[in-house]
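This is work-v8.cif. It holds mmCIF, C-alpha atoms and all ligand atoms.
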```cif
data_data
#
loop_
_atom_site.label_atom_id
_atom_site.label_comp_id
_atom_site.auth_asym_id
_atom_site.auth_seq_id
_atom_site.Cartn_x
_atom_site.Cartn_y
_atom_site.Cartn_z
CA MET A 1 0.35 16.82 19.89
CA GLY A 2 0.54 18.48 16.45
CA ASN A 3 -1.74 17.81 13.53
CA GLU A 4 0.80 15.54 11.85
CA GLU A 5 0.81 13.11 14.79
CA ALA A 6 -3.00 13.23 14.82
CA GLY A 7 -2.99 12.30 11.13
CA GLY A 8 -4.97 15.27 9.79
CA LEU A 9 -4.25 18.07 7.33
CA ILE A 10 -1.58 20.49 8.53
CA ARG A 11 -2.97 23.87 7.49
CA SER A 12 -0.70 26.24 5.56
CA ARG A 13 -0.38 29.99 4.99
CA ILE A 14 -0.67 29.08 1.30
CA ALA A 15 -4.44 28.79 0.82
CA SER A 16 -4.25 26.45 -2.20
CA ALA A 17 -2.38 23.90 -0.05
CA ASN A 18 -5.46 23.52 2.16
CA ALA A 19 -7.88 22.83 -0.71
CA PRO A 20 -9.49 19.37 -0.75
CA GLY A 21 -7.69 17.02 -3.13
CA CYS A 22 -4.56 19.20 -3.34
CA GLU A 23 -1.55 17.01 -4.15
CA PHE A 24 0.90 19.21 -2.27
CA PRO A 25 -0.48 20.09 1.18
CA LEU A 26 1.90 21.03 3.99
CA ASN A 27 1.97 17.33 4.97
CA ASN A 28 3.77 16.56 1.68
CA LEU A 29 6.59 19.08 1.02
CA PRO A 30 8.19 17.29 -1.97
CA TYR A 31 11.54 18.57 -3.22
CA GLY A 32 12.33 19.43 -6.83
CA VAL A 33 14.47 21.58 -9.13
CA PHE A 34 12.84 24.43 -11.05
CA SER A 35 13.58 27.53 -13.10
CA VAL A 36 11.60 30.52 -14.39
CA GLY A 37 13.74 31.44 -17.38
CA ASP A 38 16.82 31.60 -15.17
CA ALA A 39 19.19 29.20 -13.39
CA PRO A 40 17.65 25.95 -12.11
CA ARG A 41 17.62 25.69 -8.30
CA CYS A 42 15.95 23.67 -5.55
CA GLY A 43 12.40 24.25 -4.39
CA VAL A 44 9.61 22.62 -2.48
CA ALA A 45 6.02 22.31 -3.75
CA ILE A 46 3.27 23.81 -1.61
CA GLY A 47 -0.27 24.00 -3.04
CA ASP A 48 -0.01 25.54 -6.52
CA MET A 49 3.24 27.34 -5.63
CA ILE A 50 6.93 26.54 -5.36
CA LEU A 51 8.91 27.86 -2.40
CA ASP A 52 12.30 28.97 -3.77
CA LEU A 53 14.69 27.28 -1.33
CA ALA A 54 17.79 28.96 -2.76
CA ALA A 55 16.18 32.36 -2.15
CA CYS A 56 15.03 31.20 1.30
CA GLU A 57 18.60 30.35 2.21
CA ALA A 58 19.97 33.60 0.71
CA GLY A 59 17.42 35.47 2.84
CA GLY A 60 18.38 33.63 6.01
CA LEU A 61 15.05 31.76 6.36
CA VAL A 62 16.68 28.29 6.23
CA GLU A 63 20.22 26.91 6.41
CA ALA A 64 21.45 24.14 4.11
CA GLY A 65 25.14 24.93 3.54
CA GLY A 66 24.38 26.62 0.21
CA THR A 67 23.23 23.34 -1.36
CA PHE A 68 19.83 24.67 -2.54
CA ALA A 69 21.43 27.01 -5.10
CA ALA A 70 22.56 23.94 -7.10
CA PRO A 71 20.53 22.53 -10.04
CA GLU A 72 20.19 19.17 -8.21
CA LEU A 73 19.29 17.94 -4.73
CA ASN A 74 22.38 15.70 -4.39
CA GLY A 75 24.23 18.24 -2.22
CA PHE A 76 21.31 18.67 0.16
CA MET A 77 20.71 14.91 0.40
CA ALA A 78 24.39 14.34 1.21
CA ARG A 79 23.90 16.42 4.38
CA ARG A 80 22.51 13.23 6.00
CA PRO A 81 19.09 12.15 7.38
CA ALA A 82 19.23 14.27 10.56
CA GLU A 83 19.45 17.38 8.34
CA TRP A 84 16.54 16.13 6.20
CA ALA A 85 14.39 15.95 9.35
CA ARG A 86 15.59 19.35 10.60
CA MET A 87 14.76 20.98 7.24
CA ARG A 88 11.30 19.37 7.14
CA ALA A 89 10.55 20.82 10.58
CA ALA A 90 11.87 24.25 9.55
CA LEU A 91 9.82 24.33 6.33
CA THR A 92 6.70 23.12 8.14
CA ALA A 93 7.07 26.00 10.62
CA LEU A 94 7.76 28.53 7.85
CA LEU A 95 4.70 27.52 5.81
CA ALA A 96 2.28 26.86 8.68
CA GLU A 97 -0.95 28.85 8.94
CA GLY A 98 -0.63 32.21 10.64
CA GLU A 99 1.73 35.17 10.48
CA GLY A 100 5.27 34.77 9.20
CA PRO A 101 8.04 36.35 7.15
CA ALA A 102 7.58 37.21 3.46
CA LEU A 103 8.31 34.10 1.39
CA PRO A 104 9.95 33.76 -2.06
CA LEU A 105 7.16 31.91 -3.88
CA VAL A 106 6.83 31.15 -7.59
CA PRO A 107 3.56 29.99 -9.22
CA MET A 108 4.10 26.39 -10.29
CA ALA A 109 2.35 27.14 -13.60
CA ALA A 110 5.12 29.66 -14.44
CA ALA A 111 8.00 27.31 -13.63
CA ARG A 112 9.88 24.73 -15.65
CA LEU A 113 10.62 21.57 -13.71
CA HIS A 114 13.92 19.76 -14.19
CA LEU A 115 15.36 16.39 -13.15
CA PRO A 116 15.42 16.74 -9.35
CA ILE A 117 18.71 14.89 -8.91
CA ARG A 118 21.85 14.09 -10.83
CA VAL A 119 21.19 10.38 -11.21
CA SER A 120 24.35 8.60 -10.07
CA GLU A 121 23.33 5.13 -11.19
CA PHE A 122 20.05 3.44 -12.08
CA THR A 123 19.03 -0.05 -11.04
CA ASP A 124 15.69 -1.60 -11.86
CA PHE A 125 14.07 -4.44 -9.94
CA TYR A 126 11.29 -6.97 -10.55
CA ALA A 127 9.23 -7.14 -7.37
CA SER A 128 5.52 -7.53 -8.12
CA ARG A 129 4.64 -11.20 -8.06
CA HIS A 130 1.67 -10.71 -10.39
CA HIS A 131 3.84 -8.87 -12.92
CA ALA A 132 6.69 -11.38 -12.64
CA PHE A 133 4.33 -14.31 -13.13
CA ASN A 134 2.37 -12.74 -16.02
CA VAL A 135 5.49 -11.66 -17.91
CA GLY A 136 7.28 -14.93 -17.10
CA CYS A 137 4.36 -16.83 -18.68
CA LEU A 138 4.62 -14.77 -21.86
CA PHE A 139 8.40 -15.15 -22.21
CA ARG A 140 8.97 -18.63 -20.73
CA GLY A 141 5.59 -20.40 -20.27
CA PRO A 142 3.63 -20.98 -17.02
CA GLU A 143 5.87 -23.83 -15.73
CA ASN A 144 8.97 -21.63 -15.68
CA ALA A 145 7.20 -18.30 -15.15
CA LEU A 146 8.55 -17.53 -11.69
CA PRO A 147 12.26 -18.40 -11.36
CA PRO A 148 13.02 -20.48 -8.22
CA GLN A 149 15.08 -17.70 -6.61
CA TRP A 150 12.32 -15.10 -7.04
CA THR A 151 10.72 -15.59 -3.59
CA HIS A 152 14.17 -15.59 -1.94
CA MET A 153 15.72 -12.38 -3.23
CA PRO A 154 14.91 -9.19 -5.12
CA ILE A 155 15.96 -9.62 -8.77
CA GLY A 156 17.19 -6.60 -10.71
CA TYR A 157 19.52 -5.36 -13.40
CA ASN A 158 21.91 -2.43 -13.65
CA GLY A 159 20.46 0.18 -16.01
CA ARG A 160 21.78 3.44 -17.37
CA ALA A 161 21.61 6.73 -15.47
CA SER A 162 22.21 8.59 -18.74
CA SER A 163 18.78 7.66 -20.14
CA VAL A 164 16.74 8.92 -17.17
CA VAL A 165 14.69 12.00 -18.15
CA VAL A 166 12.17 14.23 -16.39
CA SER A 167 8.41 14.11 -17.00
CA GLY A 168 7.37 15.86 -20.21
CA THR A 169 10.47 14.86 -22.19
CA PRO A 170 9.44 13.21 -25.50
CA ILE A 171 10.65 9.63 -26.00
CA ARG A 172 11.85 8.47 -29.41
CA ARG A 173 10.64 5.06 -30.61
CA PRO A 174 13.81 2.97 -30.84
CA MET A 175 15.20 1.11 -33.82
CA GLY A 176 16.63 -2.32 -33.16
CA GLN A 177 16.99 -6.02 -33.85
CA VAL A 178 13.92 -8.18 -33.50
CA ARG A 179 13.36 -11.87 -34.13
CA GLY A 180 12.44 -12.69 -37.75
CA GLU A 181 11.70 -15.93 -39.66
CA ASP A 182 15.37 -16.38 -40.61
CA GLY A 183 17.31 -14.50 -37.96
CA PRO A 184 17.19 -10.87 -36.95
CA VAL A 185 15.20 -8.13 -38.67
CA TRP A 186 16.17 -4.45 -38.37
CA GLY A 187 13.41 -1.90 -37.89
CA PRO A 188 11.44 0.34 -35.55
CA CYS A 189 10.15 -1.24 -32.34
CA ARG A 190 6.57 -2.46 -32.91
CA ARG A 191 5.80 -3.47 -29.34
CA LEU A 192 6.54 -0.35 -27.33
CA ASP A 193 5.35 -0.49 -23.73
CA LEU A 194 5.36 1.35 -20.43
CA GLU A 195 6.15 0.06 -16.94
CA LEU A 196 4.44 1.66 -13.95
CA GLU A 197 7.00 1.86 -11.15
CA LEU A 198 8.00 3.76 -8.05
CA GLY A 199 11.62 4.98 -7.97
CA ALA A 200 13.46 5.14 -4.65
CA ILE A 201 16.12 7.85 -4.36
CA VAL A 202 19.17 6.99 -2.28
CA GLY A 203 20.31 9.99 -0.25
CA SER A 204 23.35 8.53 1.56
CA ASP A 205 26.55 6.83 0.45
CA SER A 206 27.70 3.40 1.60
CA ARG A 207 31.29 2.13 1.47
CA MET A 208 32.50 -0.60 -0.87
CA GLY A 209 32.21 -3.87 1.00
CA GLN A 210 29.73 -2.47 3.53
CA ARG A 211 26.68 -4.69 3.95
CA LEU A 212 23.46 -2.93 4.92
CA GLY A 213 20.71 -4.16 7.21
CA VAL A 214 17.19 -3.54 5.93
CA ASP A 215 16.55 -0.85 8.59
CA GLN A 216 19.87 0.80 7.80
CA ALA A 217 19.07 0.70 4.08
CA GLU A 218 15.73 2.33 4.70
CA GLU A 219 17.40 5.20 6.57
CA MET A 220 19.42 5.87 3.40
CA ILE A 221 16.31 6.40 1.23
CA PHE A 222 15.54 10.10 0.85
CA GLY A 223 12.27 9.75 -1.03
CA TYR A 224 10.34 8.44 -4.01
CA VAL A 225 9.36 9.46 -7.53
CA LEU A 226 7.06 7.95 -10.15
CA LEU A 227 9.06 6.05 -12.75
CA ASN A 228 8.10 4.85 -16.23
CA ASP A 229 10.57 2.24 -17.46
CA TRP A 230 9.76 2.42 -21.20
CA SER A 231 10.27 -1.02 -22.73
CA ALA A 232 10.68 -2.32 -26.29
CA ARG A 233 9.07 -5.77 -25.97
CA ASP A 234 10.04 -7.13 -29.41
CA ILE A 235 13.68 -6.09 -28.90
CA GLN A 236 13.48 -7.54 -25.37
CA ALA A 237 12.14 -10.92 -26.57
CA TRP A 238 15.10 -11.38 -28.97
CA GLU A 239 17.85 -10.17 -26.59
CA TYR A 240 16.38 -11.38 -23.26
CA GLN A 241 18.24 -14.68 -22.77
CA PRO A 242 20.71 -15.36 -21.22
CA LEU A 243 21.68 -11.94 -19.81
CA GLY A 244 18.44 -9.97 -19.58
CA PRO A 245 17.41 -6.45 -20.55
CA PHE A 246 19.83 -4.26 -22.51
CA GLN A 247 18.71 -2.27 -25.59
CA SER A 248 15.05 -3.01 -24.80
CA LYS A 249 15.36 -0.70 -21.79
CA ALA A 250 17.79 1.92 -23.11
CA LEU A 251 15.33 4.18 -24.96
CA GLY A 252 14.51 6.22 -21.87
CA THR A 253 13.21 6.12 -18.32
CA THR A 254 10.90 8.94 -17.25
CA ILE A 255 10.67 10.13 -13.64
CA SER A 256 8.38 12.68 -11.99
CA PRO A 257 9.95 16.02 -11.02
CA TRP A 258 8.91 16.02 -7.35
CA ILE A 259 10.59 13.76 -4.78
CA VAL A 260 8.02 12.77 -2.16
CA THR A 261 10.06 12.22 0.98
CA ARG A 262 10.06 9.09 3.07
CA ALA A 263 8.92 11.29 5.97
CA ALA A 264 5.76 12.33 4.07
CA LEU A 265 4.90 8.70 3.34
CA GLU A 266 5.55 7.48 6.89
CA PRO A 267 1.83 7.63 7.96
CA PHE A 268 1.02 5.21 5.09
CA ARG A 269 3.48 2.45 5.99
CA CYS A 270 1.97 -1.03 5.56
CA ALA A 271 2.82 -4.69 5.11
CA GLY A 272 2.96 -6.51 1.78
CA PRO A 273 1.56 -9.88 0.69
CA GLU A 274 2.19 -12.99 2.75
CA ARG A 275 5.51 -14.72 2.00
CA THR A 276 5.65 -18.24 0.64
CA ASN A 277 8.94 -18.92 2.45
CA PRO A 278 11.03 -17.18 5.14
CA LEU A 279 13.71 -14.85 3.81
CA LEU A 280 17.38 -15.18 4.71
CA PRO A 281 18.19 -13.02 7.76
CA TYR A 282 19.84 -10.19 5.80
CA LEU A 283 16.54 -9.51 3.99
CA ARG A 284 14.23 -9.73 6.99
CA GLU A 285 12.38 -6.58 8.00
CA THR A 286 11.78 -5.53 11.58
CA ARG A 287 8.71 -3.52 10.53
CA PRO A 288 6.45 -3.35 7.46
CA GLY A 289 8.31 -1.72 4.57
CA LEU A 290 5.66 -0.86 1.97
CA TYR A 291 3.18 2.03 1.68
CA ASP A 292 -0.55 2.17 1.10
CA LEU A 293 -0.10 4.15 -2.10
CA THR A 294 -2.56 4.13 -5.02
CA LEU A 295 -0.79 4.15 -8.39
CA GLY A 296 -2.03 4.01 -11.94
CA TRP A 297 -1.53 5.11 -15.50
CA THR A 298 -3.34 6.86 -18.32
CA MET A 299 -3.08 6.73 -22.11
CA ASN A 300 -4.05 9.88 -24.01
CA GLY A 301 -5.89 11.01 -20.89
CA GLN A 302 -7.93 7.82 -20.41
CA ARG A 303 -7.40 5.97 -17.14
CA MET A 304 -6.16 2.49 -18.03
CA ALA A 305 -5.29 0.79 -14.73
CA GLN A 306 -4.97 1.43 -11.03
CA THR A 307 -3.20 -0.63 -8.39
CA ASN A 308 -1.39 -0.19 -5.07
CA TYR A 309 2.26 -0.25 -4.01
CA ASN A 310 1.26 -2.67 -1.22
CA VAL A 311 1.19 -5.58 -3.73
CA MET A 312 5.00 -5.57 -3.95
CA TYR A 313 6.88 -8.61 -2.63
CA TYR A 314 10.02 -6.61 -1.73
CA SER A 315 10.35 -3.08 -0.37
CA SER A 316 12.91 -0.56 -1.64
CA ALA A 317 14.81 -1.05 1.63
CA GLN A 318 15.09 -4.80 0.98
CA GLN A 319 16.17 -4.10 -2.60
CA LEU A 320 18.84 -1.69 -1.37
CA ALA A 321 20.07 -4.17 1.25
CA HIS A 322 20.33 -6.87 -1.40
CA HIS A 323 22.02 -4.47 -3.84
CA ALA A 324 24.84 -3.87 -1.35
CA VAL A 325 25.16 -7.43 -0.03
CA SER A 326 28.10 -8.50 -2.17
CA GLY A 327 29.98 -5.26 -1.56
CA CYS A 328 28.53 -2.83 -4.12
CA PRO A 329 28.89 0.74 -2.82
CA MET A 330 25.79 2.94 -3.07
CA ARG A 331 25.94 6.64 -3.85
CA VAL A 332 23.89 9.73 -3.15
CA GLY A 333 21.63 10.06 -6.19
CA ASP A 334 21.27 6.36 -6.96
CA LEU A 335 17.84 5.58 -8.40
CA LEU A 336 16.21 2.20 -7.70
CA GLY A 337 13.17 1.26 -9.79
CA SER A 338 10.69 -0.84 -7.82
CA GLY A 339 9.82 -3.05 -10.76
CA THR A 340 6.46 -2.90 -12.55
CA ILE A 341 3.60 -2.62 -10.09
CA SER A 342 0.70 -4.88 -11.07
CA GLY A 343 -2.22 -6.26 -9.12
CA PRO A 344 -4.01 -9.54 -9.96
CA THR A 345 -6.67 -8.22 -12.37
CA ARG A 346 -6.47 -6.76 -15.87
CA ASP A 347 -7.45 -3.25 -14.70
CA GLN A 348 -4.57 -3.38 -12.20
CA THR A 349 -1.76 -4.13 -14.67
CA GLY A 350 1.22 -1.78 -14.91
CA ALA A 351 2.21 -2.62 -18.50
CA LEU A 352 0.44 -3.18 -21.83
CA LEU A 353 2.27 -6.49 -22.26
CA GLU A 354 0.22 -7.85 -19.36
CA MET A 355 -2.97 -5.92 -20.06
CA THR A 356 -3.17 -7.17 -23.68
CA GLN A 357 -1.62 -10.58 -22.88
CA GLY A 358 1.28 -10.10 -25.22
CA GLY A 359 -0.83 -8.21 -27.78
CA ARG A 360 -3.50 -10.92 -28.14
CA ASN A 361 -6.30 -8.97 -26.43
CA PRO A 362 -6.31 -5.34 -27.57
CA VAL A 363 -7.73 -2.53 -25.45
CA GLU A 364 -9.83 0.44 -26.49
CA VAL A 365 -8.47 3.93 -25.80
CA ASN A 366 -10.81 6.84 -26.59
CA GLY A 367 -12.49 4.72 -29.27
CA GLU A 368 -9.20 3.56 -30.84
CA VAL A 369 -7.75 0.06 -30.62
CA ARG A 370 -4.33 -0.45 -29.04
CA THR A 371 -2.11 -3.41 -28.29
CA PHE A 372 1.07 -1.41 -27.72
CA ILE A 373 1.96 2.31 -27.79
CA GLU A 374 1.59 4.17 -31.12
CA ASP A 375 3.49 7.28 -32.23
CA GLY A 376 1.97 10.40 -30.66
CA ASP A 377 0.46 8.53 -27.71
CA GLU A 378 0.96 10.11 -24.31
CA ILE A 379 1.42 7.91 -21.25
CA GLY A 380 0.92 9.43 -17.79
CA LEU A 381 1.53 7.90 -14.36
CA PHE A 382 -0.17 9.04 -11.17
CA ALA A 383 -0.02 8.19 -7.47
CA HIS A 384 -1.47 9.37 -4.22
CA ALA A 385 -1.74 8.34 -0.61
CA ALA A 386 -5.03 9.21 1.05
CA GLY A 387 -4.75 10.66 4.55
CA ASP A 388 -7.48 11.85 6.88
CA GLY A 389 -8.64 15.03 5.12
CA TYR A 390 -5.61 15.36 2.86
CA ARG A 391 -3.72 13.53 0.15
CA ILE A 392 -0.06 13.11 -0.68
CA GLY A 393 0.35 13.41 -4.46
CA PHE A 394 3.35 12.96 -6.74
CA GLY A 395 2.42 15.31 -9.61
CA PRO A 396 2.56 14.19 -13.24
CA CYS A 397 4.96 11.75 -14.87
CA THR A 398 4.24 11.91 -18.60
CA GLY A 399 5.92 11.14 -21.89
CA THR A 400 4.83 11.24 -25.54
CA ILE A 401 6.24 8.90 -28.17
CA LEU A 402 7.95 10.36 -31.23
CA PRO A 403 8.28 8.34 -34.48
CA ALA A 404 11.43 6.29 -35.00
CA GLU A 405 14.31 7.83 -36.96
CA GLU A 406 14.80 5.12 -39.59
CA CA B 501 11.13 -2.26 -15.14
#
```

Could I get this file's structure written as structure tokens?
Amino acid sequence: MGNEEAGGLIRSRIASANAPGCEFPLNNLPYGVFSVGDAPRCGVAIGDMILDLAACEAGGLVEAGGTFAAPELNGFMARRPAEWARMRAALTALLAEGEGPALPLVPMAAARLHLPIRVSEFTDFYASRHHAFNVGCLFRGPENALPPQWTHMPIGYNGRASSVVVSGTPIRRPMGQVRGEDGPVWGPCRRLDLELELGAIVGSDSRMGQRLGVDQAEEMIFGYVLLNDWSARDIQAWEYQPLGPFQSKALGTTISPWIVTRAALEPFRCAGPERTNPLLPYLRETRPGLYDLTLGWTMNGQRMAQTNYNVMYYSSAQQLAHHAVSGCPMRVGDLLGSGTISGPTRDQTGALLEMTQGGRNPVEVNGEVRTFIEDGDEIGLFAHAAGDGYRIGFGPCTGTILPAEE
């Protein structure tokens, strides 16, 4: 039995990958796209280094049909789940402790990280009961907070792939229409917020009209990234009914550059909260579909809240199964936002809207008062799963707000 089955750290030839607290031990092997002043290509993070997968393939160390030379992982993902598993085994062997061939490694500090995929389409869901209830109270009052269908199906909306950016990209405060005393008022958003989410990356296509079982849907998920669904709450409040989010969610969505694979998260699989009613058969899981994954966010370096992915009412696999149920085809590179991840207490909330109760109860950040995000503020997301003697990290997912262009 190998170390992975035993649940411990798998030791690597790369010393930094064995250091306590390292986000990228050999157990992780997240995929990304990087460059060092040259053409972006695929790599895998190991300790404080990046293994250049395009160079590995050119040197005959791995075989991926030439897909690693591309500036996106879509081509590799399209090679199907059996190839994902084969590559993980090959990379684990290549990077394992002991003697081995010379490896094309790049210090992560010297690399620029790009969007890891060409985002085909972006869908965002609404799957934390605490978040749905808290936000529902603010927009609709406590009686109508949780819509009656909410415990029966994952609710979502179709977003825009074009506004997804990689960590570190500045986000411009949007201009827009907000509710005024006598109709709409034009101006910069005054209630700019974050949403702490996990993004699932679909790595397989489905046909139009093809329904997906939850297990089948899970097999299609390549991995996960951190996702900040920036939100303009004042624009949202005016446009929200009857169709839901539109310009309030179009200012940008930030994702982390490293895709943590489903395989790396497998040891952390866990069940979610108890259900209030049975689900229809097409949404039923045959095994627990969430992960014991700590997530949180910071503002200007101060830790603001921390929660866990295990609070979610629906898994990404259930969301994907529901997404396809009426015939919608899914594509390699589709991005599914989990919905804001919030626990029951204030220090577990994944958005300022909830934390400040709609702006009524400000918070202190490094001695300054905040209700929503100010120009120049930096929001960072973080996540890790804690194994026995190792951790699976996601790397940073940050964005700084630029002033509106009036
Ligand atoms: Ca969202």

Hey, which residues sit close to ligand CA 501 (chain B)? Say within 6 Å, counting all atoms listed in the file, and write them as a PDB file with C-alpha atoms, in the coordinates of the input.
```pdb
ATOM      1  CA  ASP A 124      15.690  -1.600 -11.860  1.00  0.00           C
ATOM      2  CA  GLU A 195       6.150   0.060 -16.940  1.00  0.00           C
ATOM      3  CA  ASP A 229      10.570   2.240 -17.460  1.00  0.00           C
ATOM      4  CA  GLY A 339       9.820  -3.050 -10.760  1.00  0.00           C
ATOM      5  CA  THR A 340       6.460  -2.900 -12.550  1.00  0.00           C
TER       6      THR A 340
END
```

From the list A:Arg262, A:Lys249, A:Arg287, A:Arg360, which residue is nearest Asn28 of chain A when using all atoms listed in the file? A:Arg262

At what distance in Å, to one decimal, does atom CA of Leu336 of chain A lie from atom CA of Gly156 of chain A?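 One can read the atom CA of Gly156 of chain A to atom CA of Leu336 of chain A distance as 9.4 Å.
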
Go through A:Gln177, A:Thr123, A:Thr169, A:Thr151 and flag the residue nearest Val202 of chain A, using only C-alpha atoms for the distances.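 Result for the nearest residue to Val202 of chain A: A:Thr123.
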
Just want the 7 Å neighbourhood of segment 74-80 of chain A, counted on all atoms listed in the file, with same-chain residues fewer than 6 positions away dropped. Output as a PDB file with C-alpha atoms, keeping the file's coordinate frame.
```
ATOM      1  CA  ALA A  64      21.450  24.140   4.110  1.00  0.00           C
ATOM      2  CA  THR A  67      23.230  23.340  -1.360  1.00  0.00           C
ATOM      3  CA  PHE A  68      19.830  24.670  -2.540  1.00  0.00           C
ATOM      4  CA  ILE A 117      18.710  14.890  -8.910  1.00  0.00           C
ATOM      5  CA  ARG A 118      21.850  14.090 -10.830  1.00  0.00           C
ATOM      6  CA  GLY A 203      20.310   9.990  -0.250  1.00  0.00           C
ATOM      7  CA  SER A 204      23.350   8.530   1.560  1.00  0.00           C
ATOM      8  CA  VAL A 332      23.890   9.730  -3.150  1.00  0.00           C
ATOM      9  CA  GLY A 333      21.630  10.060  -6.190  1.00  0.00           C
TER      10      GLY A 333
END
```

Using only C-alpha atoms, which protein or nucleic acid residues come within 6 Å of segment 268-274 of chain A? Drop anything in the same chain fewer than 5 positions from it, and give the result as a PyMOL selection string. chain A and resi 288+290-292+310-311

With a cut-off of 10 Å, could you pull out the residues of segment 228-279 of chain A touching segment 33-51 of chain A and give me the nearest pair of atoms for each, distance in Å to one decimal, using only C-alpha atoms, ordered by chain and ascending number, as a tab-separated table?
```
residue	atom	partner	partner_atom	distance
A:Pro257	CA	A:Val33	CA	7.4
A:Trp258	CA	A:Ala45	CA	7.8
A:Ile259	CA	A:Val44	CA	9.2
A:Val260	CA	A:Ala45	CA	9.9
```

Excluding Gly98 of chain A and its own-chain neighbours fewer than 2 positions away, which residues fall within 7 Å of it when counting all atoms listed in the file? Please give them as a count of residues only. 3

Smallest atom-to-atom distance to Ile392 of chain A: which of A:Ile379, A:Ala263, A:Ile341, A:Ile255, using all atoms listed in the file?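 When distances to Ile392 of chain A are compared using all atoms listed in the file, the smallest one comes from A:Ala263.
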
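Here atom CA of Asp52 of chain A stands at a distance of 29.2 Å from atom CA of Gly252 of chain A.
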
How big is the axis-aligned box around all listed atoms of segment 76-89 of chain A once 3 Å goes on each side, and where's its centre, in Å to one decimal, as lines of an AutoDock Vina configuration file?
```
center_x = 17.5
center_y = 16.6
center_z = 5.4
size_x = 19.8
size_y = 14.8
size_z = 16.4
```

Tell me which of A:Gln247, A:Ser206, A:Ser128, A:Asn18 sits closest to Leu320 of chain A, counting all atoms listed in the file.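 Once distances to Leu320 of chain A are computed over all atoms listed in the file, the minimum belongs to A:Ser206.
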
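With all atoms listed in the file as the atoms that count, the residue of A:Asn158, A:Pro116, A:Arg172, A:Gly223 with the shortest distance to Phe246 of chain A is A:Asn158.
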
How far is it from atom CA of Ile401 of chain A to atom CA of Gly376 of chain A, in Å with one decimal?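 These two atoms are separated by 5.2 Å.
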
For Leu293 of chain A, the nearest of the candidates A:His323, A:Arg275, A:His152, A:Arg391, counting all atoms listed in the file: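 Ranking A:His323, A:Arg275, A:His152, A:Arg391 by distance to Leu293 of chain A, first place goes to A:Arg391.
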
What's around Phe139 of chain A at 12 Å? Count all atoms listed in the file, leave out sequence neighbours fewer than 3 positions away in its own chain, and write the answer as number ranges by chain. A: 132-136, 142-147, 233-234, 236-241, 244, 353-354, 357-358

Selecting C-alpha atoms, how would segment 213-228 of chain A from this structure be written as a PDB file, in the first residue's frame?
```
ATOM      1  CA  GLY A 213     -26.861  10.956 -13.204  1.00  0.00           C
ATOM      2  CA  VAL A 214     -25.154  12.522 -10.185  1.00  0.00           C
ATOM      3  CA  ASP A 215     -22.329   9.924 -10.274  1.00  0.00           C
ATOM      4  CA  GLN A 216     -21.885  10.448 -14.005  1.00  0.00           C
ATOM      5  CA  ALA A 217     -21.824  14.219 -13.499  1.00  0.00           C
ATOM      6  CA  GLU A 218     -19.159  13.870 -10.843  1.00  0.00           C
ATOM      7  CA  GLU A 219     -16.949  11.880 -13.220  1.00  0.00           C
ATOM      8  CA  MET A 220     -17.068  14.879 -15.580  1.00  0.00           C
ATOM      9  CA  ILE A 221     -15.613  17.290 -12.995  1.00  0.00           C
ATOM     10  CA  PHE A 222     -11.871  17.746 -13.517  1.00  0.00           C
ATOM     11  CA  GLY A 223     -11.190  19.878 -10.465  1.00  0.00           C
ATOM     12  CA  TYR A 224     -11.877  23.000  -8.441  1.00  0.00           C
ATOM     13  CA  VAL A 225     -10.684  26.588  -8.119  1.00  0.00           C
ATOM     14  CA  LEU A 226     -11.432  29.379  -5.658  1.00  0.00           C
ATOM     15  CA  LEU A 227     -13.951  31.812  -7.106  1.00  0.00           C
ATOM     16  CA  ASN A 228     -14.874  35.354  -6.068  1.00  0.00           C
TER      17      ASN A 228
END
```
